[in-house]
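As stored in start_5.pdb (PDB, C-alpha atoms):
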MODEL        1
ATOM      1  CA  MET A   1     121.835  83.073  95.335  1.00  0.00           C
ATOM      2  CA  ASN A   2     124.654  84.752  97.181  1.00  0.00           C
ATOM      3  CA  GLY A   3     125.557  85.207 100.828  1.00  0.00           C
ATOM      4  CA  LEU A   4     123.893  88.565 101.370  1.00  0.00           C
ATOM      5  CA  ALA A   5     121.436  87.141 103.884  1.00  0.00           C
ATOM      6  CA  GLY A   6     123.985  85.985 106.331  1.00  0.00           C
ATOM      7  CA  GLU A   7     123.268  85.142 109.935  1.00  0.00           C
ATOM      8  CA  GLY A   8     121.087  87.785 111.577  1.00  0.00           C
ATOM      9  CA  ARG A   9     120.086  89.428 108.292  1.00  0.00           C
ATOM     10  CA  GLU A  10     116.595  89.566 106.816  1.00  0.00           C
ATOM     11  CA  LEU A  11     116.039  88.251 103.304  1.00  0.00           C
ATOM     12  CA  ARG A  12     115.717  90.138 100.039  1.00  0.00           C
ATOM     13  CA  ILE A  13     113.138  88.376  97.867  1.00  0.00           C
ATOM     14  CA  ALA A  14     112.470  88.886  94.144  1.00  0.00           C
ATOM     15  CA  ILE A  15     109.254  87.661  92.510  1.00  0.00           C
ATOM     16  CA  ASP A  16     108.924  87.878  88.722  1.00  0.00           C
ATOM     17  CA  GLY A  17     106.548  86.612  86.061  1.00  0.00           C
ATOM     18  CA  PRO A  18     104.188  87.661  83.264  1.00  0.00           C
ATOM     19  CA  ALA A  19     101.068  89.775  83.687  1.00  0.00           C
ATOM     20  CA  GLY A  20      98.330  88.019  85.633  1.00  0.00           C
ATOM     21  CA  ALA A  21     100.563  85.265  87.005  1.00  0.00           C
ATOM     22  CA  GLY A  22      99.680  86.179  90.583  1.00  0.00           C
ATOM     23  CA  LYS A  23     102.887  88.041  91.497  1.00  0.00           C
ATOM     24  CA  SER A  24     101.167  90.859  93.347  1.00  0.00           C
ATOM     25  CA  THR A  25      98.952  88.544  95.382  1.00  0.00           C
ATOM     26  CA  LEU A  26     101.804  86.257  96.384  1.00  0.00           C
ATOM     27  CA  ALA A  27     104.237  89.092  97.092  1.00  0.00           C
ATOM     28  CA  ARG A  28     101.731  91.002  99.240  1.00  0.00           C
ATOM     29  CA  GLU A  29     100.762  87.952 101.281  1.00  0.00           C
ATOM     30  CA  LEU A  30     104.377  86.810 101.657  1.00  0.00           C
ATOM     31  CA  ALA A  31     105.477  90.276 102.796  1.00  0.00           C
ATOM     32  CA  ARG A  32     102.576  90.457 105.246  1.00  0.00           C
ATOM     33  CA  GLU A  33     103.358  86.988 106.625  1.00  0.00           C
ATOM     34  CA  LEU A  34     107.067  87.791 107.075  1.00  0.00           C
ATOM     35  CA  GLY A  35     106.571  91.373 108.252  1.00  0.00           C
ATOM     36  CA  TYR A  36     108.600  92.620 105.274  1.00  0.00           C
ATOM     37  CA  VAL A  37     108.362  95.709 103.085  1.00  0.00           C
ATOM     38  CA  TYR A  38     106.400  95.076  99.867  1.00  0.00           C
ATOM     39  CA  VAL A  39     107.243  96.866  96.620  1.00  0.00           C
ATOM     40  CA  ASP A  40     105.073  96.451  93.502  1.00  0.00           C
ATOM     41  CA  THR A  41     107.315  97.686  90.671  1.00  0.00           C
ATOM     42  CA  GLY A  42     104.628  97.064  88.074  1.00  0.00           C
ATOM     43  CA  ALA A  43     102.457  99.588  89.899  1.00  0.00           C
ATOM     44  CA  MET A  44     105.252 102.132  89.480  1.00  0.00           C
ATOM     45  CA  TYR A  45     105.051 101.763  85.691  1.00  0.00           C
ATOM     46  CA  ARG A  46     101.260 101.859  85.836  1.00  0.00           C
ATOM     47  CA  ALA A  47     101.464 105.049  87.901  1.00  0.00           C
ATOM     48  CA  VAL A  48     103.598 106.692  85.223  1.00  0.00           C
ATOM     49  CA  ALA A  49     101.098 105.479  82.597  1.00  0.00           C
ATOM     50  CA  TYR A  50      98.263 106.909  84.708  1.00  0.00           C
ATOM     51  CA  LYS A  51      99.945 110.307  84.878  1.00  0.00           C
ATOM     52  CA  ALA A  52     100.630 110.176  81.132  1.00  0.00           C
ATOM     53  CA  LEU A  53      96.920 109.546  80.498  1.00  0.00           C
ATOM     54  CA  GLN A  54      95.992 112.382  82.835  1.00  0.00           C
ATOM     55  CA  ALA A  55      98.286 114.671  80.847  1.00  0.00           C
ATOM     56  CA  GLY A  56      96.851 113.490  77.518  1.00  0.00           C
ATOM     57  CA  LEU A  57     100.199 112.199  76.261  1.00  0.00           C
ATOM     58  CA  ASP A  58     100.581 109.810  73.313  1.00  0.00           C
ATOM     59  CA  VAL A  59     103.182 107.068  73.741  1.00  0.00           C
ATOM     60  CA  ASP A  60     103.647 106.892  69.951  1.00  0.00           C
ATOM     61  CA  LYS A  61     104.836 110.517  69.692  1.00  0.00           C
ATOM     62  CA  ASP A  62     108.529 111.200  70.309  1.00  0.00           C
ATOM     63  CA  GLU A  63     107.905 114.502  72.077  1.00  0.00           C
ATOM     64  CA  ASP A  64     105.307 112.898  74.344  1.00  0.00           C
ATOM     65  CA  ARG A  65     107.598 109.948  75.095  1.00  0.00           C
ATOM     66  CA  ALA A  66     110.176 112.467  76.317  1.00  0.00           C
ATOM     67  CA  ARG A  67     107.551 114.055  78.579  1.00  0.00           C
ATOM     68  CA  ILE A  68     106.559 110.625  79.918  1.00  0.00           C
ATOM     69  CA  ALA A  69     110.218 110.012  80.784  1.00  0.00           C
ATOM     70  CA  GLU A  70     110.220 113.340  82.654  1.00  0.00           C
ATOM     71  CA  ILE A  71     107.183 112.175  84.638  1.00  0.00           C
ATOM     72  CA  ALA A  72     109.083 109.024  85.624  1.00  0.00           C
ATOM     73  CA  ALA A  73     112.134 111.059  86.626  1.00  0.00           C
ATOM     74  CA  ARG A  74     110.145 113.416  88.866  1.00  0.00           C
ATOM     75  CA  ALA A  75     107.696 110.927  90.383  1.00  0.00           C
ATOM     76  CA  GLU A  76     107.910 110.252  94.117  1.00  0.00           C
ATOM     77  CA  PHE A  77     106.560 106.845  95.144  1.00  0.00           C
ATOM     78  CA  GLN A  78     105.357 105.830  98.577  1.00  0.00           C
ATOM     79  CA  PHE A  79     104.293 102.295  99.524  1.00  0.00           C
ATOM     80  CA  GLU A  80     102.200 101.898 102.674  1.00  0.00           C
ATOM     81  CA  TRP A  81     100.100  99.390 104.594  1.00  0.00           C
ATOM     82  CA  GLN A  82      96.871 100.907 105.933  1.00  0.00           C
ATOM     83  CA  ASP A  83      94.523  98.692 107.944  1.00  0.00           C
ATOM     84  CA  GLU A  84      95.992  95.584 106.271  1.00  0.00           C
ATOM     85  CA  GLN A  85      95.482  97.175 102.835  1.00  0.00           C
ATOM     86  CA  PHE A  86      98.352  98.015 100.491  1.00  0.00           C
ATOM     87  CA  LYS A  87      98.394 101.603  99.240  1.00  0.00           C
ATOM     88  CA  LEU A  88     100.468 103.296  96.555  1.00  0.00           C
ATOM     89  CA  TYR A  89     100.927 107.058  96.567  1.00  0.00           C
ATOM     90  CA  VAL A  90     102.559 109.002  93.740  1.00  0.00           C
ATOM     91  CA  ASP A  91     103.428 112.620  94.402  1.00  0.00           C
ATOM     92  CA  GLY A  92     101.098 112.438  97.404  1.00  0.00           C
ATOM     93  CA  GLU A  93      98.094 111.084  95.454  1.00  0.00           C
ATOM     94  CA  ASP A  94      96.552 107.721  96.322  1.00  0.00           C
ATOM     95  CA  VAL A  95      96.559 105.902  92.963  1.00  0.00           C
ATOM     96  CA  THR A  96      96.025 102.372  94.299  1.00  0.00           C
ATOM     97  CA  GLU A  97      92.766 101.852  92.425  1.00  0.00           C
ATOM     98  CA  ALA A  98      93.379 104.233  89.526  1.00  0.00           C
ATOM     99  CA  VAL A  99      96.395 102.288  88.244  1.00  0.00           C
ATOM    100  CA  ARG A 100      94.272  99.136  87.890  1.00  0.00           C
ATOM    101  CA  SER A 101      91.921 100.529  85.242  1.00  0.00           C
ATOM    102  CA  PRO A 102      91.967  98.767  81.838  1.00  0.00           C
ATOM    103  CA  GLU A 103      93.149 101.971  80.124  1.00  0.00           C
ATOM    104  CA  VAL A 104      96.130 102.312  82.442  1.00  0.00           C
ATOM    105  CA  GLU A 105      96.965  98.601  82.229  1.00  0.00           C
ATOM    106  CA  ARG A 106      96.935  98.715  78.425  1.00  0.00           C
ATOM    107  CA  LEU A 107      99.268 101.726  78.379  1.00  0.00           C
ATOM    108  CA  SER A 108     101.670 100.480  81.048  1.00  0.00           C
ATOM    109  CA  SER A 109     103.438  97.957  78.806  1.00  0.00           C
ATOM    110  CA  PRO A 110     104.372 100.429  76.023  1.00  0.00           C
ATOM    111  CA  VAL A 111     105.286 102.989  78.690  1.00  0.00           C
ATOM    112  CA  SER A 112     107.574 100.452  80.381  1.00  0.00           C
ATOM    113  CA  ALA A 113     109.270  99.823  77.019  1.00  0.00           C
ATOM    114  CA  ILE A 114     110.456 103.452  76.775  1.00  0.00           C
ATOM    115  CA  PRO A 115     114.204 103.186  77.578  1.00  0.00           C
ATOM    116  CA  GLU A 116     114.346 106.465  79.517  1.00  0.00           C
ATOM    117  CA  VAL A 117     111.356 105.467  81.651  1.00  0.00           C
ATOM    118  CA  ARG A 118     112.901 102.087  82.464  1.00  0.00           C
ATOM    119  CA  ALA A 119     116.207 103.730  83.335  1.00  0.00           C
ATOM    120  CA  GLU A 120     114.560 106.129  85.791  1.00  0.00           C
ATOM    121  CA  LEU A 121     112.344 103.549  87.485  1.00  0.00           C
ATOM    122  CA  VAL A 122     114.992 100.802  87.609  1.00  0.00           C
ATOM    123  CA  ALA A 123     117.318 103.254  89.365  1.00  0.00           C
ATOM    124  CA  ALA A 124     114.591 104.004  91.923  1.00  0.00           C
ATOM    125  CA  GLN A 125     113.875 100.294  92.363  1.00  0.00           C
ATOM    126  CA  LYS A 126     117.553  99.433  92.828  1.00  0.00           C
ATOM    127  CA  ALA A 127     117.752 102.000  95.613  1.00  0.00           C
ATOM    128  CA  LEU A 128     114.742 100.405  97.344  1.00  0.00           C
ATOM    129  CA  ALA A 129     116.186  96.922  96.797  1.00  0.00           C
ATOM    130  CA  GLN A 130     119.168  97.660  99.034  1.00  0.00           C
ATOM    131  CA  MET A 131     117.074  97.344 102.196  1.00  0.00           C
ATOM    132  CA  GLU A 132     116.768  94.060 104.049  1.00  0.00           C
ATOM    133  CA  GLY A 133     113.420  92.445 104.748  1.00  0.00           C
ATOM    134  CA  ILE A 134     111.878  93.250 101.374  1.00  0.00           C
ATOM    135  CA  VAL A 135     109.673  91.450  98.851  1.00  0.00           C
ATOM    136  CA  MET A 136     109.856  93.121  95.454  1.00  0.00           C
ATOM    137  CA  GLU A 137     107.859  91.928  92.460  1.00  0.00           C
ATOM    138  CA  GLY A 138     107.834  92.759  88.775  1.00  0.00           C
ATOM    139  CA  ARG A 139     109.214  91.477  85.487  1.00  0.00           C
ATOM    140  CA  ASP A 140     112.961  92.046  85.788  1.00  0.00           C
ATOM    141  CA  ILE A 141     113.633  92.022  89.518  1.00  0.00           C
ATOM    142  CA  GLY A 142     115.708  88.857  89.690  1.00  0.00           C
ATOM    143  CA  THR A 143     117.596  89.624  86.476  1.00  0.00           C
ATOM    144  CA  VAL A 144     118.146  93.395  86.626  1.00  0.00           C
ATOM    145  CA  VAL A 145     116.921  95.176  89.749  1.00  0.00           C
ATOM    146  CA  MET A 146     117.986  92.684  92.433  1.00  0.00           C
ATOM    147  CA  PRO A 147     120.223  90.084  90.760  1.00  0.00           C
ATOM    148  CA  ASP A 148     121.805  89.323  94.147  1.00  0.00           C
ATOM    149  CA  ALA A 149     118.462  88.575  95.845  1.00  0.00           C
ATOM    150  CA  ASP A 150     118.555  85.824  98.448  1.00  0.00           C
ATOM    151  CA  LEU A 151     115.473  84.163  96.935  1.00  0.00           C
ATOM    152  CA  LYS A 152     114.188  84.503  93.380  1.00  0.00           C
ATOM    153  CA  ILE A 153     110.773  83.171  92.404  1.00  0.00           C
ATOM    154  CA  PHE A 154     109.455  83.194  88.840  1.00  0.00           C
ATOM    155  CA  LEU A 155     105.702  82.610  88.643  1.00  0.00           C
ATOM    156  CA  VAL A 156     104.093  81.145  85.538  1.00  0.00           C
ATOM    157  CA  ALA A 157     100.517  80.294  84.552  1.00  0.00           C
ATOM    158  CA  SER A 158      98.772  79.631  81.258  1.00  0.00           C
ATOM    159  CA  PRO A 159      97.669  82.713  79.251  1.00  0.00           C
ATOM    160  CA  GLU A 160      94.071  81.492  79.445  1.00  0.00           C
ATOM    161  CA  GLU A 161      94.146  81.275  83.241  1.00  0.00           C
ATOM    162  CA  ARG A 162      95.855  84.632  83.599  1.00  0.00           C
ATOM    163  CA  ALA A 163      93.294  86.240  81.316  1.00  0.00           C
ATOM    164  CA  ARG A 164      90.466  84.660  83.327  1.00  0.00           C
ATOM    165  CA  ARG A 165      91.891  86.148  86.523  1.00  0.00           C
ATOM    166  CA  ARG A 166      92.095  89.639  85.033  1.00  0.00           C
ATOM    167  CA  TRP A 167      88.614  89.291  83.561  1.00  0.00           C
ATOM    168  CA  ARG A 168      87.224  88.325  86.979  1.00  0.00           C
ATOM    169  CA  GLN A 169      89.113  91.146  88.707  1.00  0.00           C
ATOM    170  CA  GLN A 170      87.721  93.685  86.273  1.00  0.00           C
ATOM    171  CA  ARG A 171      84.176  92.362  86.723  1.00  0.00           C
ATOM    172  CA  GLU A 172      84.576  92.707  90.500  1.00  0.00           C
ATOM    173  CA  ARG A 173      85.483  96.360  89.943  1.00  0.00           C
ATOM    174  CA  GLY A 174      82.399  96.863  87.811  1.00  0.00           C
ATOM    175  CA  ILE A 175      84.226  96.737  84.471  1.00  0.00           C
ATOM    176  CA  SER A 176      82.413  94.585  81.905  1.00  0.00           C
ATOM    177  CA  ARG A 177      84.573  93.392  79.006  1.00  0.00           C
ATOM    178  CA  PRO A 178      84.613  90.248  76.827  1.00  0.00           C
ATOM    179  CA  TYR A 179      86.970  87.537  78.083  1.00  0.00           C
ATOM    180  CA  GLU A 180      88.341  87.189  74.533  1.00  0.00           C
ATOM    181  CA  ALA A 181      89.489  90.821  74.578  1.00  0.00           C
ATOM    182  CA  VAL A 182      91.311  90.318  77.871  1.00  0.00           C
ATOM    183  CA  LEU A 183      92.952  87.138  76.537  1.00  0.00           C
ATOM    184  CA  ALA A 184      94.125  88.935  73.384  1.00  0.00           C
ATOM    185  CA  GLU A 185      95.630  91.718  75.520  1.00  0.00           C
ATOM    186  CA  THR A 186      97.353  89.163  77.738  1.00  0.00           C
ATOM    187  CA  ILE A 187      98.950  87.394  74.782  1.00  0.00           C
ATOM    188  CA  GLU A 188     100.039  90.685  73.209  1.00  0.00           C
ATOM    189  CA  ARG A 189     101.511  91.913  76.482  1.00  0.00           C
ATOM    190  CA  ASP A 190     103.473  88.677  76.831  1.00  0.00           C
ATOM    191  CA  ARG A 191     104.872  89.236  73.355  1.00  0.00           C
ATOM    192  CA  ARG A 192     105.888  92.838  74.070  1.00  0.00           C
ATOM    193  CA  ASP A 193     107.366  92.091  77.486  1.00  0.00           C
ATOM    194  CA  SER A 194     109.403  89.113  76.300  1.00  0.00           C
ATOM    195  CA  THR A 195     110.725  90.721  73.106  1.00  0.00           C
ATOM    196  CA  ARG A 196     111.476  94.285  74.216  1.00  0.00           C
ATOM    197  CA  PRO A 197     115.136  95.156  73.552  1.00  0.00           C
ATOM    198  CA  ILE A 198     115.823  96.377  77.098  1.00  0.00           C
ATOM    199  CA  ASN A 199     115.456  93.984  80.045  1.00  0.00           C
ATOM    200  CA  PRO A 200     113.018  91.510  78.430  1.00  0.00           C
ATOM    201  CA  LEU A 201     110.894  89.296  80.645  1.00  0.00           C
ATOM    202  CA  LYS A 202     112.759  86.072  81.441  1.00  0.00           C
ATOM    203  CA  PRO A 203     113.537  84.040  84.567  1.00  0.00           C
ATOM    204  CA  ALA A 204     116.905  84.467  86.244  1.00  0.00           C
ATOM    205  CA  GLU A 205     119.145  81.418  85.895  1.00  0.00           C
ATOM    206  CA  ASP A 206     118.889  80.728  89.630  1.00  0.00           C
ATOM    207  CA  ALA A 207     115.173  81.476  89.976  1.00  0.00           C
ATOM    208  CA  VAL A 208     112.727  78.884  91.290  1.00  0.00           C
ATOM    209  CA  LEU A 209     109.890  78.411  88.782  1.00  0.00           C
ATOM    210  CA  LEU A 210     106.440  77.977  90.299  1.00  0.00           C
ATOM    211  CA  ASP A 211     103.383  77.218  88.161  1.00  0.00           C
ATOM    212  CA  ASP A 212     100.232  78.428  89.894  1.00  0.00           C
ATOM    213  CA  THR A 213      97.768  77.667  87.106  1.00  0.00           C
ATOM    214  CA  TYR A 214      95.961  75.149  89.306  1.00  0.00           C
ATOM    215  CA  LEU A 215      97.071  76.263  92.786  1.00  0.00           C
ATOM    216  CA  SER A 216      95.108  78.322  95.286  1.00  0.00           C
ATOM    217  CA  ARG A 217      96.482  81.453  96.952  1.00  0.00           C
ATOM    218  CA  ARG A 218      96.956  79.503 100.180  1.00  0.00           C
ATOM    219  CA  GLU A 219      98.897  76.760  98.375  1.00  0.00           C
ATOM    220  CA  MET A 220     101.161  79.272  96.620  1.00  0.00           C
ATOM    221  CA  LEU A 221     101.898  81.100  99.873  1.00  0.00           C
ATOM    222  CA  ALA A 222     102.736  77.801 101.549  1.00  0.00           C
ATOM    223  CA  LYS A 223     105.192  76.928  98.765  1.00  0.00           C
ATOM    224  CA  ALA A 224     106.828  80.365  98.990  1.00  0.00           C
ATOM    225  CA  LEU A 225     107.184  80.081 102.773  1.00  0.00           C
ATOM    226  CA  GLU A 226     108.825  76.695 102.312  1.00  0.00           C
ATOM    227  CA  LEU A 227     111.370  78.298  99.992  1.00  0.00           C
ATOM    228  CA  VAL A 228     112.020  81.056 102.536  1.00  0.00           C
ATOM    229  CA  GLU A 229     112.638  78.487 105.263  1.00  0.00           C
ATOM    230  CA  GLU A 230     114.962  76.569 102.954  1.00  0.00           C
ATOM    231  CA  VAL A 231     117.053  79.702 102.368  1.00  0.00           C
ATOM    232  CA  ARG A 232     117.119  80.412 106.095  1.00  0.00           C
ATOM    233  CA  ARG A 233     118.262  76.884 106.886  1.00  0.00           C
ATOM    234  CA  LYS A 234     121.091  77.248 104.389  1.00  0.00           C
ATOM    235  CA  ARG A 235     122.058  80.490 106.103  1.00  0.00           C
ATOM    236  CA  GLY A 236     122.141  78.718 109.454  1.00  0.00           C
ATOM    237  CA  ARG A 237     119.442  80.920 110.943  1.00  0.00           C
TER     238      ARG A 237
ENDMDL
END
Any chance you could give the structure as structure tokens?
Amino acid sequence: MNGLAGEGRELRIAIDGPAGAGKSTLARELARELGYVYVDTGAMYRAVAYKALQAGLDVDKDEDRARIAEIAARAEFQFEWQDEQFKLYVDGEDVTEAVRSPEVERLSSPVSAIPEVRAELVAAQKALAQMEGIVMEGRDIGTVVMPDADLKIFLVASPEERARRRWRQQRERGISRPYEAVLAETIERDRRDSTRPINPLKPAEDAVLLDDTYLSRREMLAKALELVEEVRRKRGR
């Protein structure tokens, strides 16, 4: 951690971890509790994947990969709170629910591995990360997007637990799929995210690792708030 959050300054918080580790839930609740801006960078990649699906593009074709990169370059993202609900708009369209479909989630990892897409979205994320009072979550926030964050949290949980969470979430949205299929996707996504040549998933050297396999949302939020207070005490606030 560095001295960016000096006296009188709000914190810049990075939360990273693999798919299904609970990053979005923790980041949203922490941002709401602190009154901070919340940025879900994973949703940005899913939004590009959503638009690629809408356009009928194939991530395995070079010409289509170039068009997907163009989508990322042109996309305008807007993050909002509406009646205590987080909303994501892309080019004026509310895609909050659309980017959570299984098809979009499956495509988002290979889309995020396209170097030109990562370059465009990381640049946009770095611009957002300059503001104070922000909680940004993803897979390379503490290592690439906001390496000078005042607090870096890296969430972990077992693949089986993460797959169970996604399976339950999909059932709640009316999507019926075998748990085994969700687990296989989770394991494969971990492999892709951790072995991609550009910005692979890994904790920053100064990140605090939190394992939420057996912790409730309330317990995780309490731990995160303790870390925030610890940083503030060190800053003399």
Protein and nucleic acid residues near (104.9, 85.0, 82.9) (cut-off 8 Å, all atoms listed in the file) as a list in words: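 Checking each residue against the 8 Å limit leaves Asp16, Gly17, Pro18, Ala19, Gly20, Ala21, Phe154, Leu155, Val156, Ala157, Asp190 and Leu201 of chain A.
Put simply, atom CA of A:Met146 is 11.8 Å away from atom CA of A:Glu132.
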Expansion of the PyMOL selection byres ((chain A and resi 26) around 10) into residues, as a PyMOL selection string: chain A and resi 15+21-25+27-32+135+137+155+217-218+220-222+224
Hits from the PyMOL selection byres ((chain A and resi 134) around 7), listed as a list of chain:residue names: A:Leu11, A:Arg12, A:Ile13, A:Tyr36, A:Val37, A:Tyr38, A:Met131, A:Glu132, A:Gly133, A:Val135, A:Met136
Selection file, C-alpha atoms, as a tab-separated table (two decimals), in the frame of the given file:
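And here is the file that came out, result06.tsv:
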chain	number	residue	atom	x	y	z
A	11	LEU	CA	116.04	88.25	103.30
A	12	ARG	CA	115.72	90.14	100.04
A	13	ILE	CA	113.14	88.38	97.87
A	36	TYR	CA	108.60	92.62	105.27
A	37	VAL	CA	108.36	95.71	103.08
A	38	TYR	CA	106.40	95.08	99.87
A	131	MET	CA	117.07	97.34	102.20
A	132	GLU	CA	116.77	94.06	104.05
A	133	GLY	CA	113.42	92.44	104.75
A	135	VAL	CA	109.67	91.45	98.85
A	136	MET	CA	109.86	93.12	95.45
Given the PyMOL selection byres ((chain A and resi 199) around 10), the residues it picks as number ranges by chain: A: 113, 115, 118, 139-141, 143-145, 193-198, 200-202
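Here atom CA of A:Arg67 stands at a distance of 22.7 Å from atom CA of A:Thr96.
With all atoms listed in the file as the atoms that count, the residue of A:Glu63, A:Glu105, A:Asp206, A:Asp212 with the shortest distance to A:Glu185 is A:Glu105.
For the pair atom CA of A:Trp167 and atom CA of A:Val182, the separation is 6.4 Å.
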Pick out the residues sitting within 12 Å of A:Ala52, and hand them over as a compact mmCIF listing (two decimals) with C-alpha atoms, in the coordinates of the input; count only C-alpha atoms, and ignore anything fewer than 3 positions along from it in its own chain.
# COMPACT_ATOMS: atom_id res chain seq x y z
CA TYR A 45 105.05 101.76 85.69
CA ARG A 46 101.26 101.86 85.84
CA ALA A 47 101.46 105.05 87.90
CA VAL A 48 103.60 106.69 85.22
CA ALA A 49 101.10 105.48 82.60
CA ALA A 55 98.29 114.67 80.85
CA GLY A 56 96.85 113.49 77.52
CA LEU A 57 100.20 112.20 76.26
CA ASP A 58 100.58 109.81 73.31
CA VAL A 59 103.18 107.07 73.74
CA ASP A 64 105.31 112.90 74.34
CA ARG A 65 107.60 109.95 75.10
CA ALA A 66 110.18 112.47 76.32
CA ARG A 67 107.55 114.06 78.58
CA ILE A 68 106.56 110.62 79.92
CA ALA A 69 110.22 110.01 80.78
CA GLU A 70 110.22 113.34 82.65
CA ILE A 71 107.18 112.18 84.64
CA ALA A 72 109.08 109.02 85.62
CA ALA A 75 107.70 110.93 90.38
CA VAL A 99 96.40 102.29 88.24
CA GLU A 103 93.15 101.97 80.12
CA VAL A 104 96.13 102.31 82.44
CA LEU A 107 99.27 101.73 78.38
CA SER A 108 101.67 100.48 81.05
CA PRO A 110 104.37 100.43 76.02
CA VAL A 111 105.29 102.99 78.69
CA SER A 112 107.57 100.45 80.38
CA VAL A 117 111.36 105.47 81.65
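Remark: for A:Lys87, the closest of the candidate residues A:Pro102, A:Ser158, A:Ile114, A:Val39 is A:Val39 (distances computed over only C-alpha atoms).
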Top pick for closest residue to A:Asp91, considering A:Arg166, A:Glu205, A:Val122, A:Met44 and counting all atoms listed in the file: A:Met44
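Comparing the minimum interatomic distances between A:Leu210 and each of A:Leu227, A:Arg177, A:Gln54, A:Arg171, counting all atoms listed in the file, we find that A:Leu227 sits nearest.
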Would you place a box with edges along x, y and z of the file around all atoms of stretch 170-183 of chain A listed there, add 3 Å to each of its six sides, and report the centre and edge lengths in Å to one decimal, as AutoDock Vina command-line options?
--center_x 87.7 --center_y 92.0 --center_z 82.5 --size_x 16.6 --size_y 15.7 --size_z 22.0
Counting only C-alpha atoms, the option among A:Gly138, A:Asp83, A:Ala127, A:Arg173 closest to A:Gly42: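 Nearest candidate to A:Gly42 out of A:Gly138, A:Asp83, A:Ala127, A:Arg173: A:Gly138.
Considering only C-alpha atoms, the residue among A:Gln130, A:Thr186, A:Gln125, A:Ser101 positioned nearest to A:Gln169 is A:Ser101.
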What would stretch 211-227 of chain A look like if you wrote it out as a JSON list (two decimals), in the first residue's frame, with N, CA and C atoms included, from the block I just posted?
[["chain", "number", "residue", "atom", "x", "y", "z"],
["A", 211, "ASP", "N", -10.55, -15.98, 2.67],
["A", 211, "ASP", "CA", -11.23, -17.18, 2.22],
["A", 211, "ASP", "C", -12.67, -17.15, 2.73],
["A", 212, "ASP", "N", -13.61, -17.05, 1.80],
["A", 212, "ASP", "CA", -15.02, -16.95, 2.23],
["A", 212, "ASP", "C", -15.80, -18.23, 1.94],
["A", 213, "THR", "N", -15.09, -19.35, 1.83],
["A", 213, "THR", "CA", -15.77, -20.62, 1.57],
["A", 213, "THR", "C", -16.86, -20.90, 2.61],
["A", 214, "TYR", "N", -16.55, -20.61, 3.86],
["A", 214, "TYR", "CA", -17.48, -20.94, 4.94],
["A", 214, "TYR", "C", -18.01, -19.70, 5.67],
["A", 215, "LEU", "N", -17.84, -18.52, 5.08],
["A", 215, "LEU", "CA", -18.28, -17.29, 5.73],
["A", 215, "LEU", "C", -19.55, -16.76, 5.08],
["A", 216, "SER", "N", -20.40, -16.14, 5.88],
["A", 216, "SER", "CA", -21.61, -15.53, 5.36],
["A", 216, "SER", "C", -21.28, -14.16, 4.77],
["A", 217, "ARG", "N", -22.24, -13.59, 4.05],
["A", 217, "ARG", "CA", -22.04, -12.25, 3.47],
["A", 217, "ARG", "C", -21.80, -11.23, 4.57],
["A", 218, "ARG", "N", -22.53, -11.35, 5.67],
["A", 218, "ARG", "CA", -22.38, -10.41, 6.78],
["A", 218, "ARG", "C", -20.98, -10.52, 7.39],
["A", 219, "GLU", "N", -20.48, -11.76, 7.52],
["A", 219, "GLU", "CA", -19.15, -11.96, 8.10],
["A", 219, "GLU", "C", -18.05, -11.41, 7.20],
["A", 220, "MET", "N", -18.22, -11.59, 5.87],
["A", 220, "MET", "CA", -17.22, -11.07, 4.94],
["A", 220, "MET", "C", -17.22, -9.55, 4.94],
["A", 221, "LEU", "N", -18.39, -8.94, 4.98],
["A", 221, "LEU", "CA", -18.46, -7.47, 5.02],
["A", 221, "LEU", "C", -17.81, -6.95, 6.28],
["A", 222, "ALA", "N", -18.04, -7.62, 7.40],
["A", 222, "ALA", "CA", -17.45, -7.19, 8.66],
["A", 222, "ALA", "C", -15.92, -7.25, 8.59],
["A", 223, "LYS", "N", -15.38, -8.31, 7.99],
["A", 223, "LYS", "CA", -13.93, -8.42, 7.85],
["A", 223, "LYS", "C", -13.38, -7.31, 6.95],
["A", 224, "ALA", "N", -14.08, -7.02, 5.86],
["A", 224, "ALA", "CA", -13.63, -5.97, 4.94],
["A", 224, "ALA", "C", -13.66, -4.61, 5.63],
["A", 225, "LEU", "N", -14.70, -4.34, 6.41],
["A", 225, "LEU", "CA", -14.79, -3.06, 7.12],
["A", 225, "LEU", "C", -13.68, -2.94, 8.16],
["A", 226, "GLU", "N", -13.31, -4.05, 8.76],
["A", 226, "GLU", "CA", -12.18, -4.02, 9.70],
["A", 226, "GLU", "C", -10.89, -3.62, 8.99],
["A", 227, "LEU", "N", -10.70, -4.15, 7.78],
["A", 227, "LEU", "CA", -9.51, -3.80, 7.00],
["A", 227, "LEU", "C", -9.52, -2.33, 6.61]]
